[in-house]
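Q: Structure supplied as start-v6.txt; contents: compact mmCIF, C-alpha atoms and all ligand atoms.
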```
# COMPACT_ATOMS: atom_id res chain seq x y z
CA MET I 1 -8.43 -24.17 -16.25
CA LYS I 2 -10.76 -21.25 -15.73
CA ARG I 3 -9.37 -17.74 -15.69
CA VAL I 4 -8.42 -16.22 -12.36
CA ARG I 5 -9.91 -12.81 -11.53
CA PHE I 6 -6.98 -10.44 -10.96
CA LEU I 7 -7.51 -7.31 -8.90
CA VAL I 8 -4.88 -4.60 -8.57
CA VAL I 9 -5.55 -2.11 -5.76
CA GLY I 10 -3.24 0.90 -5.88
CA GLY I 11 -3.07 4.24 -4.13
CA PHE I 12 -0.58 6.46 -2.33
CA LEU I 13 1.42 5.32 0.68
CA GLY I 14 -0.86 4.85 3.67
CA ALA I 15 -4.10 5.17 1.68
CA GLY I 16 -5.35 1.94 3.25
CA LYS I 17 -4.55 -0.57 0.50
CA THR I 18 -3.53 -3.48 2.75
CA THR I 19 -6.51 -2.97 5.04
CA ALA I 20 -8.94 -2.86 2.09
CA LEU I 21 -7.23 -5.74 0.35
CA LEU I 22 -7.67 -7.98 3.39
CA ARG I 23 -11.35 -7.02 3.55
CA LEU I 24 -11.69 -7.68 -0.18
CA ALA I 25 -10.05 -11.06 0.28
CA ALA I 26 -12.45 -11.91 3.12
CA HIS I 27 -15.39 -10.80 0.95
CA HIS I 28 -14.42 -13.19 -1.84
CA GLN I 29 -13.70 -15.94 0.64
CA ARG I 30 -17.22 -15.60 2.07
CA LEU I 31 -18.54 -16.10 -1.45
CA GLY I 32 -16.70 -19.41 -1.56
CA ARG I 33 -13.81 -18.15 -3.68
CA LYS I 34 -10.21 -18.98 -2.96
CA VAL I 35 -7.95 -15.93 -2.72
CA GLY I 36 -4.22 -15.35 -3.14
CA LEU I 37 -2.39 -12.10 -2.36
CA ILE I 38 0.68 -10.46 -3.85
CA THR I 39 2.46 -7.70 -1.92
CA ASN I 40 5.16 -5.43 -3.24
CA ASP I 41 7.94 -3.28 -1.85
CA GLN I 42 11.27 -1.75 -2.73
CA ALA I 43 12.98 -3.94 -0.12
CA ALA I 44 12.39 -7.07 1.96
CA ASN I 45 10.99 -7.22 5.53
CA LEU I 46 7.48 -6.09 4.89
CA VAL I 47 4.91 -5.30 7.51
CA ASP I 48 2.27 -5.81 4.78
CA THR I 49 3.35 -9.36 3.97
CA ALA I 50 3.12 -10.24 7.67
CA ALA I 51 -0.35 -8.65 7.81
CA ALA I 52 -1.50 -10.58 4.74
CA ALA I 53 -0.12 -13.85 6.05
CA ALA I 54 -1.81 -13.20 9.39
CA GLY I 55 -5.08 -12.98 7.46
CA GLY I 56 -4.56 -16.65 6.61
CA PHE I 57 -4.26 -16.13 2.85
CA PRO I 58 -1.51 -17.51 0.67
CA VAL I 59 0.79 -14.59 -0.06
CA GLU I 60 3.76 -13.92 -2.30
CA GLU I 61 6.00 -10.86 -2.13
CA VAL I 62 7.63 -9.02 -5.04
CA ALA I 63 10.51 -7.29 -3.26
CA GLY I 64 13.34 -5.09 -4.47
CA ALA I 65 11.40 -2.90 -6.92
CA CYS I 66 7.85 -2.19 -8.01
CA PHE I 67 5.51 -4.47 -10.00
CA CYS I 68 6.21 -2.59 -13.25
CA CYS I 69 10.01 -2.92 -12.99
CA LYS I 70 9.74 -6.51 -11.76
CA PHE I 71 6.90 -7.49 -14.03
CA ASP I 72 8.40 -10.90 -14.71
CA ASP I 73 8.59 -11.61 -10.97
CA LEU I 74 4.97 -10.54 -10.63
CA ALA I 75 3.96 -12.85 -13.50
CA ARG I 76 6.03 -15.73 -12.08
CA LEU I 77 4.67 -15.41 -8.54
CA ALA I 78 1.10 -15.03 -9.80
CA GLU I 79 1.63 -18.21 -11.80
CA LYS I 80 3.08 -19.96 -8.74
CA LEU I 81 0.00 -19.04 -6.71
CA ARG I 82 -2.26 -20.04 -9.60
CA VAL I 83 -0.72 -23.48 -9.94
CA GLU I 84 -0.09 -24.25 -6.25
CA GLU I 85 -3.12 -22.66 -4.63
CA ARG I 86 -5.64 -22.73 -7.48
CA PRO I 87 -7.21 -19.41 -6.46
CA ASP I 88 -10.32 -17.91 -8.01
CA VAL I 89 -9.10 -14.43 -7.18
CA LEU I 90 -5.66 -12.84 -6.97
CA ILE I 91 -5.23 -9.42 -5.38
CA GLY I 92 -2.05 -7.38 -5.89
CA GLU I 93 -0.96 -4.35 -3.86
CA PRO I 94 1.61 -2.24 -5.72
CA VAL I 95 4.08 0.08 -3.99
CA GLY I 96 2.29 3.26 -2.91
CA SER I 97 4.78 5.62 -4.56
CA CYS I 98 4.28 4.03 -8.01
CA THR I 99 2.20 5.25 -10.88
CA ASP I 100 1.60 4.44 -14.56
CA LEU I 101 0.36 1.03 -13.45
CA ALA I 102 -2.50 0.88 -15.95
CA ALA I 103 0.06 0.94 -18.77
CA THR I 104 2.82 -1.08 -17.13
CA VAL I 105 0.99 -3.70 -15.05
CA VAL I 106 -2.75 -3.94 -15.76
CA GLN I 107 -2.52 -3.78 -19.56
CA PRO I 108 0.49 -6.14 -19.80
CA LEU I 109 -1.22 -8.69 -17.53
CA ALA I 110 -4.39 -8.47 -19.62
CA ARG I 111 -2.64 -8.64 -22.98
CA LEU I 112 0.17 -11.11 -22.28
CA TYR I 113 -1.65 -13.38 -19.84
CA GLY I 114 -5.26 -12.86 -20.89
CA ASP I 115 -5.69 -16.62 -21.19
CA ARG I 116 -5.06 -16.98 -17.44
CA TYR I 117 -6.31 -13.78 -15.88
CA SER I 118 -9.37 -11.61 -16.21
CA LEU I 119 -8.37 -8.16 -15.00
CA ALA I 120 -10.72 -6.20 -12.75
CA PRO I 121 -11.11 -2.43 -13.18
CA TYR I 122 -8.03 -0.77 -11.72
CA ALA I 123 -8.88 0.65 -8.28
CA VAL I 124 -6.94 3.45 -6.62
CA LEU I 125 -7.62 4.27 -2.99
CA VAL I 126 -7.18 7.72 -1.56
CA ASP I 127 -6.85 8.92 2.02
CA PRO I 128 -9.32 11.79 2.67
CA ASN I 129 -6.63 13.96 4.22
CA ARG I 130 -4.44 13.66 1.13
CA ALA I 131 -7.46 14.04 -1.19
CA ARG I 132 -8.39 17.29 0.55
CA GLN I 133 -4.85 18.59 0.20
CA ILE I 134 -4.70 17.91 -3.52
CA VAL I 135 -8.21 18.72 -4.77
CA LEU I 136 -9.28 21.46 -2.37
CA GLU I 137 -6.07 23.04 -1.06
CA ARG I 138 -4.02 22.57 -4.24
CA GLY I 139 -0.99 21.55 -2.21
CA PHE I 140 0.21 18.26 -0.83
CA GLY I 141 0.87 18.71 2.87
CA GLY I 142 4.59 18.78 3.51
CA PHE I 143 5.44 17.11 0.19
CA SER I 144 6.98 18.74 -2.86
CA ALA I 145 5.26 19.39 -6.20
CA LYS I 146 6.99 16.33 -7.67
CA VAL I 147 5.58 13.98 -5.03
CA ALA I 148 2.19 15.63 -5.63
CA TYR I 149 2.68 14.86 -9.35
CA VAL I 150 2.99 11.13 -8.61
CA PHE I 151 -0.14 11.26 -6.45
CA GLN I 152 -2.06 13.14 -9.15
CA LYS I 153 -1.06 10.62 -11.83
CA GLN I 154 -2.15 7.73 -9.61
CA LEU I 155 -5.65 9.16 -9.53
CA GLU I 156 -5.69 10.08 -13.22
CA GLU I 157 -5.16 6.47 -14.28
CA ALA I 158 -7.76 4.90 -12.01
CA ASP I 159 -10.84 3.16 -13.38
CA VAL I 160 -12.31 3.34 -9.88
CA ILE I 161 -11.25 5.83 -7.22
CA GLY I 162 -12.08 4.69 -3.70
CA LEU I 163 -12.36 7.61 -1.29
CA ASN I 164 -11.26 5.55 1.69
CA LYS I 165 -11.53 6.05 5.49
CA ILE I 166 -14.93 7.74 5.26
CA ASP I 167 -15.44 6.73 8.88
CA LEU I 168 -13.19 9.72 9.67
CA LEU I 169 -15.45 12.17 7.78
CA THR I 170 -18.77 13.86 8.37
CA PRO I 171 -21.29 13.25 5.55
CA ALA I 172 -20.77 16.85 4.40
CA GLN I 173 -16.96 16.45 4.25
CA ARG I 174 -17.37 13.15 2.41
CA ASP I 175 -19.75 14.62 -0.18
CA LEU I 176 -17.51 17.63 -0.77
CA LEU I 177 -14.53 15.38 -1.45
CA LEU I 178 -16.52 12.97 -3.63
CA ALA I 179 -17.74 15.85 -5.78
CA ALA I 180 -14.26 17.41 -6.04
CA LEU I 181 -12.67 14.06 -6.99
CA ALA I 182 -15.36 13.37 -9.59
CA ARG I 183 -14.83 16.83 -11.08
CA GLU I 184 -11.05 16.51 -11.13
CA PHE I 185 -10.90 12.91 -12.37
CA PRO I 186 -13.94 12.55 -14.65
CA LYS I 187 -12.78 9.29 -16.25
CA ALA I 188 -13.02 7.38 -12.98
CA ARG I 189 -15.97 6.13 -10.99
CA VAL I 190 -15.59 7.63 -7.53
CA LEU I 191 -16.91 5.60 -4.60
CA PRO I 192 -16.84 6.21 -0.84
CA LEU I 193 -15.71 3.40 1.44
CA SER I 194 -14.05 2.45 4.67
CA GLY I 195 -11.71 -0.50 4.55
CA LEU I 196 -11.74 -0.42 8.32
CA THR I 197 -15.48 -0.46 9.09
CA GLY I 198 -16.74 -1.94 5.81
CA ALA I 199 -18.96 1.07 4.99
CA GLY I 200 -19.52 1.31 1.23
CA PHE I 201 -17.63 -1.89 0.71
CA ASP I 202 -20.36 -3.82 -1.09
CA GLU I 203 -20.55 -1.12 -3.77
CA PHE I 204 -16.77 -1.08 -4.05
CA CYS I 205 -16.63 -4.87 -4.48
CA ALA I 206 -19.45 -4.72 -7.03
CA ALA I 207 -17.55 -2.09 -9.04
CA LEU I 208 -14.52 -4.38 -9.17
CA ASP I 209 -16.67 -7.39 -10.11
CA ARG I 210 -18.08 -5.65 -13.17
CA GLY I 211 -16.88 -6.68 -16.60
CA ASP I 212 -15.80 -3.11 -17.36
CA PRO I 213 -12.53 -2.65 -19.22
CA ALA I 214 -9.51 -2.69 -16.91
CA GLY I 215 -6.73 -0.12 -16.98
CA ARG I 216 -8.36 1.95 -19.69
CA ASN I 217 -7.10 5.33 -18.45
CA ILE I 218 -3.52 5.53 -19.59
CA ALA I 219 -1.95 8.64 -18.05
CA ASP I 220 0.58 10.80 -19.82
CA VAL I 221 3.50 10.36 -17.40
CA ASP I 222 6.76 12.32 -17.49
CA TYR I 223 9.19 9.73 -16.16
CA ASP I 224 11.77 12.33 -15.10
CA THR I 225 9.31 14.10 -12.81
CA TYR I 226 7.92 10.75 -11.60
CA ALA I 227 11.41 9.39 -10.83
CA GLU I 228 12.48 12.58 -9.05
CA GLY I 229 9.24 12.69 -7.04
CA GLU I 230 9.60 9.07 -5.96
CA ALA I 231 13.27 9.56 -5.12
CA GLU I 232 12.49 12.44 -2.77
CA LEU I 233 11.11 9.86 -0.37
CA GLY I 234 13.49 8.08 1.96
CA TRP I 235 12.70 4.43 2.53
CA LEU I 236 13.57 2.48 5.66
CA ASN I 237 12.92 -1.22 6.24
CA LEU I 238 14.49 -2.20 9.53
CA ALA I 239 14.16 -5.59 11.25
CA LEU I 240 15.35 -6.09 14.83
CA ASP I 241 15.54 -8.89 17.31
CA LEU I 242 14.17 -7.63 20.65
CA ARG I 243 14.84 -9.18 24.00
CA ALA I 244 13.98 -8.18 27.56
CA ALA I 245 14.31 -9.78 30.99
CA THR I 246 10.57 -9.62 31.61
CA PRO I 247 7.65 -9.71 29.13
CA PHE I 248 6.47 -6.40 27.67
CA ALA I 249 3.07 -5.68 26.09
CA ALA I 250 3.17 -5.74 22.29
CA GLU I 251 0.58 -3.15 21.34
CA PRO I 252 1.88 -0.32 23.56
CA LEU I 253 5.35 -1.09 22.23
CA VAL I 254 4.45 -0.66 18.54
CA ARG I 255 2.36 2.39 19.34
CA ASP I 256 5.22 3.95 21.33
CA VAL I 257 7.79 3.25 18.61
CA VAL I 258 5.59 4.90 15.96
CA ALA I 259 4.86 7.88 18.23
CA ALA I 260 8.54 8.32 19.09
CA LEU I 261 9.46 8.15 15.40
CA VAL I 262 6.81 10.73 14.55
CA ARG I 263 8.25 13.02 17.26
CA GLU I 264 11.74 12.55 15.88
CA LEU I 265 10.57 13.40 12.36
CA ALA I 266 8.46 16.43 13.30
CA GLY I 267 9.76 19.46 11.42
CA ARG I 268 12.30 17.30 9.57
CA GLY I 269 10.28 15.53 6.90
CA GLU I 270 6.66 14.80 6.03
CA VAL I 271 5.73 11.20 6.77
CA ALA I 272 3.98 9.28 4.00
CA HIS I 273 3.62 6.12 6.06
CA ALA I 274 5.40 4.77 9.14
CA LYS I 275 4.38 1.29 10.26
CA VAL I 276 5.79 -0.87 13.00
CA LEU I 277 5.17 -4.57 13.53
CA PHE I 278 6.04 -6.67 16.55
CA GLU I 279 5.67 -10.41 16.24
CA ALA I 280 6.32 -13.15 18.76
CA GLY I 281 5.05 -16.71 19.11
CA GLY I 282 2.86 -16.41 16.00
CA GLU I 283 1.11 -13.26 17.28
CA ARG I 284 1.39 -9.78 15.79
CA ALA I 285 0.65 -6.16 16.60
CA ILE I 286 0.94 -3.30 14.08
CA ALA I 287 0.78 0.49 14.54
CA ASN I 288 0.83 3.11 11.80
CA PHE I 289 1.05 6.83 11.10
CA VAL I 290 0.10 8.30 7.72
CA GLY I 291 1.24 11.90 7.91
CA SER I 292 0.48 15.30 9.32
CA GLY I 293 -3.17 15.74 10.15
CA SER I 294 -3.54 12.08 11.14
CA GLU I 295 -3.09 10.22 14.44
CA VAL I 296 -1.00 7.22 15.39
CA ALA I 297 -3.33 4.24 14.86
CA VAL I 298 -3.20 0.54 15.63
CA SER I 299 -4.13 -1.42 12.49
CA ARG I 300 -3.61 -4.80 14.10
CA PRO I 301 -4.30 -4.96 17.81
CA GLY I 302 -2.22 -7.42 19.73
CA GLY I 303 -3.11 -7.96 23.36
CA PHE I 304 -0.16 -10.22 24.01
CA ALA I 305 3.11 -9.82 25.90
CA ALA I 306 6.50 -11.31 25.11
CA GLU I 307 10.10 -11.03 26.24
CA HIS I 308 11.53 -11.92 22.83
CA GLY I 309 10.37 -11.20 19.30
CA ARG I 310 10.90 -9.44 15.99
CA LEU I 311 10.29 -5.74 15.50
CA VAL I 312 9.94 -4.43 11.93
CA VAL I 313 9.94 -0.73 11.08
CA ASN I 314 8.81 0.34 7.57
CA ALA I 315 8.94 4.11 7.05
CA ARG I 316 8.51 6.20 3.90
CA VAL I 317 9.34 9.82 4.64
CA HIS I 318 10.30 12.97 2.75
CA LEU I 319 13.80 12.82 4.18
CA ALA I 320 17.30 11.57 3.34
CA PRO I 321 17.52 7.81 4.08
CA ASP I 322 20.42 8.13 6.56
CA ALA I 323 18.61 10.83 8.50
CA LEU I 324 15.55 8.58 8.55
CA ARG I 325 17.55 5.67 9.93
CA ALA I 326 19.09 7.96 12.56
CA ALA I 327 15.61 9.13 13.58
CA ALA I 328 14.49 5.50 13.92
CA ASP I 329 17.53 4.72 16.08
CA ARG I 330 16.75 7.68 18.35
CA ALA I 331 13.10 6.61 18.57
CA LEU I 332 14.14 3.10 19.61
CA ALA I 333 16.61 4.51 22.11
CA ALA I 334 13.72 6.37 23.73
CA VAL I 335 11.31 3.44 23.80
CA LEU I 336 13.39 0.36 24.61
CA PRO I 337 15.30 1.29 27.82
CA PRO I 338 12.14 1.84 29.93
CA ARG I 339 11.22 -1.73 29.02
CA ALA I 340 14.73 -2.91 29.81
CA ALA I 341 14.74 -4.28 26.26
CA SER I 342 17.72 -4.52 23.96
CA ALA I 343 17.69 -4.77 20.19
CA VAL I 344 19.98 -6.39 17.66
CA VAL I 345 19.61 -5.31 14.04
CA ILE I 346 18.81 -8.34 11.87
CA GLU I 347 18.56 -6.42 8.63
CA SER I 348 18.35 -2.81 7.57
CA ALA I 349 17.74 -1.22 4.19
CA GLN I 350 17.59 2.54 3.85
CA PHE I 351 17.55 4.10 0.39
CA ARG I 352 15.71 6.22 -2.13
CA PRO I 353 13.71 4.31 -4.75
CA GLY I 354 15.58 4.05 -8.05
CA ARG I 355 14.28 5.36 -11.36
CA PRO I 356 11.31 3.28 -12.51
CA VAL I 357 12.10 1.40 -15.72
CA PRO I 358 9.03 -0.67 -16.62
CA VAL I 359 9.51 -3.97 -18.41
CA HIS I 360 6.43 -3.29 -20.54
CA ARG I 361 4.52 -0.14 -21.30
CA ILE I 362 1.31 -0.54 -23.26
CA ALA I 363 0.11 2.96 -23.90
CA ALA I 364 -3.05 2.19 -25.83
CA ALA I 365 -5.82 0.78 -23.69
CA ASP I 366 -7.86 -2.13 -24.93
CA GLY I 367 -10.64 -4.09 -23.30
CA GLY I 368 -8.43 -6.02 -20.91
CA ARG I 369 -11.33 -8.18 -19.84
N1 LIG I 401 -10.00 5.27 10.01
C1 LIG I 401 -9.60 4.45 9.06
N2 LIG I 401 -8.31 4.07 9.03
C2 LIG I 401 -7.94 3.23 8.03
C3 LIG I 401 -8.84 2.75 7.05
N3 LIG I 401 -8.15 1.95 6.20
C4 LIG I 401 -6.87 1.93 6.64
N4 LIG I 401 -6.75 2.69 7.75
C5 LIG I 401 -5.53 2.94 8.53
O1 LIG I 401 -4.59 3.62 7.70
C6 LIG I 401 -3.27 3.18 8.01
C7 LIG I 401 -2.60 2.66 6.75
O2 LIG I 401 -3.31 1.53 6.30
P1 LIG I 401 -2.67 0.45 5.32
O3 LIG I 401 -3.78 -0.46 4.91
O4 LIG I 401 -1.46 -0.13 5.91
O5 LIG I 401 -2.26 1.41 4.10
P2 LIG I 401 -1.46 1.04 2.77
O6 LIG I 401 -2.05 1.85 1.67
O7 LIG I 401 -1.45 -0.42 2.55
O8 LIG I 401 0.00 1.58 3.10
P3 LIG I 401 1.38 1.28 2.29
O9 LIG I 401 1.43 -0.18 1.99
O10 LIG I 401 2.47 1.73 3.19
O11 LIG I 401 1.34 2.13 1.06
C8 LIG I 401 -3.42 2.14 9.11
O12 LIG I 401 -3.30 2.78 10.36
C9 LIG I 401 -4.84 1.66 8.93
O13 LIG I 401 -5.42 1.15 10.10
C10 LIG I 401 -10.19 3.18 7.12
O14 LIG I 401 -11.05 2.84 6.32
N5 LIG I 401 -10.50 4.03 8.16
MG MG I 402 0.16 -1.67 2.34
```
In structure tokens, how does this file's structure come out?
Ligand SMILES: Nc1nc2c(ncn2[C@@H]2O[C@H](COP(=O)(O)OP(=O)(O)OP(=O)(O)O)[C@@H](O)[C@H]2O)c(=O)[nH]1
Ligand SMILES: [Mg+2]

A:
Amino acid sequence: MKRVRFLVVGGFLGAGKTTALLRLAAHHQRLGRKVGLITNDQAANLVDTAAAAAGGFPVEEVAGACFCCKFDDLARLAEKLRVEERPDVLIGEPVGSCTDLAATVVQPLARLYGDRYSLAPYAVLVDPNRARQIVLERGFGGFSAKVAYVFQKQLEEADVIGLNKIDLLTPAQRDLLLAALAREFPKARVLPLSGLTGAGFDEFCAALDRGDPAGRNIADVDYDTYAEGEAELGWLNLALDLRAATPFAAEPLVRDVVAALVRELAGRGEVAHAKVLFEAGGERAIANFVGSGSEVAVSRPGGFAAEHGRLVVNARVHLAPDALRAAADRALAAVLPPRAASAVVIESAQFRPGRPVPVHRIAAADGGR
């Protein structure tokens, strides 16, 4: 059996990984290649898995911890996809608050499963707003120095840094950020792209197609600082059953829930990513917010209406998990009554990510081809 090309696309929460990954998958599909996707989260009920499935690709989800801590699950699910779907390409999206992935995911996949997978250069996407904060303003928005540490390490270990969302930048802003990122992270190739519009995407795909060594930049990571930084973020995955007497429009609903949540969180905790999915009758709408300086955006338009469906809220915020859940409850209490809709909680998980304990850590890079 020929080796499957394995792409890992990392980057901070909200950097645009899922959007880019779906475009990457479509790119390979157009070239006649079969694609499988692997999503990852600290808990179940993922907006991303729904988005990936909606793209029509076979998808598996590593839930409950990150790829590095659940490496055996990652290997097992990749193998399941390989055997059942016979893909040419697998694309994995790690949790956006994780780092040290070159040493704990890319290198172990290349070394332990090199007979099955050929690892692509490790790509890390960055949101221009966050890039500006870290490389030009030397801060990190409303986040602490420890969260900034995780972000910094993510970029340090990239083979390819994708400055994403360039559709939001003027050419001068884009060039300033590209130059600053290249200066700050000289081991990486820095490329501009927009996962949304497709600008720069051919060059990005070409960089990942190259036979360059994968995961060659092993970062020196202090696991105490990393664990504390990650644990400063509160995590909420909430799934609800919504019902109303008359149909309500899906897209305004998800947009309103995100906006209400953002209002509730203003001044309380910096948002890394808040995303809300509504699905009914096989249709889906998704809205997102990726932190101060950005706007509420619809990443999956849904021009449908329904009187019954599932609402999923995934929020990662610099706030205690209980306070985050309370903010989500208040946001729902503001948005549902005008629609005469009622909600029953199907499942809720609110927590801080636990200390990362990787199954493998290979600190010396080799070819990994
Ligand atoms: N303008 C613009 N928005 C983008 C682009 N790529 C992604 N977005 C938006 O950014 C938000 C987050 O995108 P996702 O793809 O969900 O980000 P992610 O990195 O997968 O987020 P997590 O899985 O939570 O870490 C959504 O509102 C997207 O529509 C882009 O190239 N341009
Ligand atoms: Mg995602």

Q: Which protein, DNA or RNA residues have an atom at most 9 Å from (-14.3, -0.3, -5.5), counting only C-alpha atoms? List them as JSON, numbers by chain.

A: {"I": [9, 121, 122, 123, 124, 125, 160, 161, 162, 189, 190, 191, 192, 193, 200, 201, 202, 203, 204, 205, 206, 207, 208, 209]}

Q: Need the shell around Asn129 (chain I): protein/DNA/RNA residues with any atom at most 12 Å away, counting all atoms listed in the file. Skip same-chain ones fewer than 5 positions apart. Format as a ChimeraX atom specification?

A: /I:12,14-15,134-137,139-141,163-166,168-169,173-174,177,272,290-295

Q: Identify, on the basis of only C-alpha atoms, every residue whose closest approach to region 339-350 of chain I does not exceed 12 Å; exclude the query and any residue fewer than 5 positions from it along the same chain; express the result as a PyMOL selection string.

A: chain I and resi 41-46+64+233-250+252-253+256+305-317+319-329+332-334

Q: Using all atoms listed in the file, find each residue with an atom at most 8 Å away from ligand MG 402 (chain I) and format the answer as a PyMOL selection string.

A: chain I and resi 13-14+16-19+39+47-48+93+95-96

Q: Could you work out an axis-aligned box for ligand LIG 401 (chain I), taking every atom the file lists and adding 6 Å on each side, and report centre and edge lengths in Å to one decimal, as lines of an AutoDock Vina configuration file?

A:
```
center_x = -4.3
center_y = 2.4
center_z = 5.7
size_x = 25.5
size_y = 17.7
size_z = 21.3
```

Q: At a cut-off of 10 Å, using all atoms listed in the file, what residues contact Leu77 (chain I)? Leave out same-chain residues fewer than 5 positions from it and give the result as number ranges by chain.

A: I: 37-38, 59-62, 71-72, 82-83

Q: Smallest atom-to-atom distance to Ala52 (chain I): which of I:Gly303, I:Gly36, I:Pro171, I:Pro353, using all atoms listed in the file?

A: I:Gly36

Q: Can you pull out every residue within 6 Å of Lys34 (chain I), counting all atoms listed in the file, but drop anything in the same chain fewer than 3 positions away, and send it as an NGL selection string?

A: :I and (29 or 87-88)

Q: Output C-alpha atoms for every residue in that selection, as a PDB file, in the frame of the given file.

A:
```pdb
ATOM      1  CA  GLN I  29     -13.700 -15.940   0.640  1.00  0.00           C
ATOM      2  CA  PRO I  87      -7.210 -19.410  -6.460  1.00  0.00           C
ATOM      3  CA  ASP I  88     -10.320 -17.910  -8.010  1.00  0.00           C
TER       4      ASP I  88
END
```

Q: Around (5.8, -0.4, -10.2) in the file's frame, which residues reach within 10 Å when counting all atoms listed in the file? Return as a ChimeraX atom specification?

A: /I:40-42,65-71,94-101,104-105,356-359

Q: Give me a file of those residues, with C-alpha atoms, as an mmCIF file, in the coordinates of the input.

A:
```cif
data_model
loop_
_atom_site.group_PDB
_atom_site.id
_atom_site.type_symbol
_atom_site.label_atom_id
_atom_site.label_comp_id
_atom_site.auth_asym_id
_atom_site.auth_seq_id
_atom_site.Cartn_x
_atom_site.Cartn_y
_atom_site.Cartn_z
ATOM 1 C CA ASN I 40 5.160 -5.430 -3.240
ATOM 2 C CA ASP I 41 7.940 -3.280 -1.850
ATOM 3 C CA GLN I 42 11.270 -1.750 -2.730
ATOM 4 C CA ALA I 65 11.400 -2.900 -6.920
ATOM 5 C CA CYS I 66 7.850 -2.190 -8.010
ATOM 6 C CA PHE I 67 5.510 -4.470 -10.000
ATOM 7 C CA CYS I 68 6.210 -2.590 -13.250
ATOM 8 C CA CYS I 69 10.010 -2.920 -12.990
ATOM 9 C CA LYS I 70 9.740 -6.510 -11.760
ATOM 10 C CA PHE I 71 6.900 -7.490 -14.030
ATOM 11 C CA PRO I 94 1.610 -2.240 -5.720
ATOM 12 C CA VAL I 95 4.080 0.080 -3.990
ATOM 13 C CA GLY I 96 2.290 3.260 -2.910
ATOM 14 C CA SER I 97 4.780 5.620 -4.560
ATOM 15 C CA CYS I 98 4.280 4.030 -8.010
ATOM 16 C CA THR I 99 2.200 5.250 -10.880
ATOM 17 C CA ASP I 100 1.600 4.440 -14.560
ATOM 18 C CA LEU I 101 0.360 1.030 -13.450
ATOM 19 C CA THR I 104 2.820 -1.080 -17.130
ATOM 20 C CA VAL I 105 0.990 -3.700 -15.050
ATOM 21 C CA PRO I 356 11.310 3.280 -12.510
ATOM 22 C CA VAL I 357 12.100 1.400 -15.720
ATOM 23 C CA PRO I 358 9.030 -0.670 -16.620
ATOM 24 C CA VAL I 359 9.510 -3.970 -18.410
#
```

Q: If I take CA of Ala331 (chain I) and CA of Val257 (chain I), how far is one from the other in Å, to one decimal?

A: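 Straight-line distance from CA of Ala331 (chain I) to CA of Val257 (chain I) works out to 6.3 Å.
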
Q: Skipping near chain neighbours, those fewer than 4 positions away, what residues fall within 12 Å of region 113-117 of chain I using all atoms listed in the file, listed as a ChimeraX atom specification?

A: /I:1-8,71-72,74-76,78-79,82-83,86-91,105-109,214,366-369
